[in-house]
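Trainee: Below you'll find the structure I mean.
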Amino acid sequence: MIREHGLTENIVFLPGGGKKFLTDLLNSSKIFVMTSQGEGLPMAVVEAMSCSLPVVIFDDADNTDICKHDYNSLVCELWDTDAFADNVRKLLTDHELYNRLAANANKLRDERSHDYSLAYALDLWKGILQQVDSIKR
């Protein structure tokens, strides 16, 4: 599809390379954009914000729990591609906006890191399994 639309100069698929590869990639990036809908727990957004990357996303209930428009991200109406492109342009040209959103994105790591930790997820699953076990008895 990328070839069909003549986008091979603009889109590159990178090989997986583990956590260090991902961290290096995010740290070398300027912004993080995500166009998908229905991510559930948007770990990609959490990882990007923890690297101080402002985010551009569509308004999706799964993302807007952590992505706050004009605070740590720019949120566009679902499938408004013109607004999405404008927001990407805005972040790349408005340095004051970029710096403010980047600083606030980084705060997510401090404010919500426990909510997205493996230990927290394990505690949740243990609690669920204990409830299921007590129902069976």
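Residue numbering restarts at 1 for every chain of the structure tokens, chains are lettered A, B, ... in their displayed order, and ligands are numbered from 1 as they appear.
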Can you tell me, as a PyMOL selection string, which residues in chain A count as strand (DSSP E) by DSSP?
Mentor: chain A and resi 32-34+55-58+73-76
Trainee: Take the residues from that selection and put them in a file with C-alpha atoms, as a compact mmCIF listing (two decimals), in the first residue's frame.
Mentor:
```
# COMPACT_ATOMS: atom_id res chain seq x y z
CA PHE A 32 4.91 11.10 18.60
CA VAL A 33 1.87 10.67 16.37
CA MET A 34 -0.68 7.89 16.62
CA VAL A 55 1.71 13.53 21.21
CA VAL A 56 -0.71 14.14 18.35
CA ILE A 57 -3.70 11.79 18.41
CA PHE A 58 -7.31 11.51 17.34
CA SER A 73 -0.74 16.56 23.54
CA LEU A 74 -2.80 17.91 20.68
CA VAL A 75 -6.03 15.98 20.29
CA CYS A 76 -7.98 16.13 17.01
```
Trainee: Mind checking DSSP for chain A and telling me the alpha helix (DSSP H) residues as a ChimeraX atom specification?
Mentor: /A:18-27,43-50,81-93,95-112,118-136
Trainee: Store the residues of this selection in a file with C-alpha atoms, as a tab-separated table (two decimals), in the first residue's frame.
Mentor:
```tsv
chain	number	residue	atom	x	y	z
A	18	GLY	CA	13.96	-4.68	22.03
A	19	LYS	CA	13.54	-2.11	24.76
A	20	LYS	CA	16.84	-0.28	24.16
A	21	PHE	CA	16.06	0.07	20.45
A	22	LEU	CA	12.65	1.52	21.26
A	23	THR	CA	14.03	3.91	23.88
A	24	ASP	CA	16.76	5.10	21.52
A	25	LEU	CA	14.21	5.59	18.74
A	26	LEU	CA	11.86	7.59	20.97
A	27	ASN	CA	14.70	9.67	22.39
A	43	MET	CA	1.34	1.85	26.14
A	44	ALA	CA	2.97	3.37	23.05
A	45	VAL	CA	1.67	6.79	24.12
A	46	VAL	CA	2.82	6.24	27.71
A	47	GLU	CA	6.29	5.24	26.51
A	48	ALA	CA	6.51	8.25	24.20
A	49	MET	CA	5.42	10.68	26.89
A	50	SER	CA	7.91	9.23	29.35
A	81	THR	CA	-6.95	14.50	8.97
A	82	ASP	CA	-6.57	18.19	8.12
A	83	ALA	CA	-6.58	19.11	11.83
A	84	PHE	CA	-4.18	16.24	12.52
A	85	ALA	CA	-1.71	17.50	9.90
A	86	ASP	CA	-2.11	21.08	11.19
A	87	ASN	CA	-1.32	19.93	14.73
A	88	VAL	CA	1.82	18.12	13.59
A	89	ARG	CA	2.91	21.29	11.76
A	90	LYS	CA	2.07	23.40	14.81
A	91	LEU	CA	4.24	21.27	17.11
A	92	LEU	CA	7.15	21.41	14.70
A	93	THR	CA	7.03	25.20	14.28
A	95	HIS	CA	8.64	26.16	19.94
A	96	GLU	CA	6.84	27.56	22.99
A	97	LEU	CA	3.94	25.12	22.49
A	98	TYR	CA	6.34	22.25	21.85
A	99	ASN	CA	8.39	22.93	24.99
A	100	ARG	CA	5.29	23.25	27.20
A	101	LEU	CA	3.71	20.04	25.91
A	102	ALA	CA	7.03	18.15	26.12
A	103	ALA	CA	7.53	19.21	29.75
A	104	ASN	CA	4.00	18.18	30.66
A	105	ALA	CA	4.31	14.89	28.77
A	106	ASN	CA	7.31	14.04	30.91
A	107	LYS	CA	5.27	14.67	34.07
A	108	LEU	CA	3.15	11.64	33.18
A	109	ARG	CA	6.06	9.39	34.10
A	110	ASP	CA	6.14	10.81	37.61
A	111	GLU	CA	2.38	11.17	38.08
A	112	ARG	CA	1.12	7.91	36.60
A	118	LEU	CA	4.18	-4.43	35.64
A	119	ALA	CA	3.85	-4.71	39.43
A	120	TYR	CA	0.50	-2.90	39.34
A	121	ALA	CA	-0.77	-5.10	36.49
A	122	LEU	CA	0.30	-8.23	38.39
A	123	ASP	CA	-1.51	-7.02	41.52
A	124	LEU	CA	-4.67	-6.44	39.49
A	125	TRP	CA	-4.51	-9.92	37.96
A	126	LYS	CA	-3.87	-11.54	41.35
A	127	GLY	CA	-6.93	-9.78	42.73
A	128	ILE	CA	-9.08	-10.93	39.81
A	129	LEU	CA	-7.85	-14.51	40.11
A	130	GLN	CA	-8.53	-14.51	43.86
A	131	GLN	CA	-12.08	-13.32	43.21
A	132	VAL	CA	-12.61	-16.05	40.61
A	133	ASP	CA	-11.17	-18.64	42.98
A	134	SER	CA	-13.48	-17.56	45.81
A	135	ILE	CA	-16.52	-17.76	43.50
A	136	LYS	CA	-15.62	-21.32	42.50
```
Trainee: Write out as a VMD selection string each polymer residue whose atoms come within 12 Å of Asp62 in chain A, counting only C-alpha atoms; drop sequence neighbours fewer than 3 positions from it.
Mentor: chain A and resid 36 to 43 45 to 46 57 to 59 65 to 68
Trainee: For Ser52 in chain A, which residue out of A:Asn10, A:Asn72, A:Ser117, A:Thr64 is the nearest one, using only C-alpha atoms?
Mentor: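 Smallest separation from Ser52 in chain A among the options: A:Asn72.
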Trainee: Could you work out how far CA of Pro54 in chain A lies from CA of Lys30 in chain A, giving the answer in Å with one decimal?
Mentor: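 Going from CA of Lys30 in chain A over to CA of Pro54 in chain A, I get 8.0 Å.
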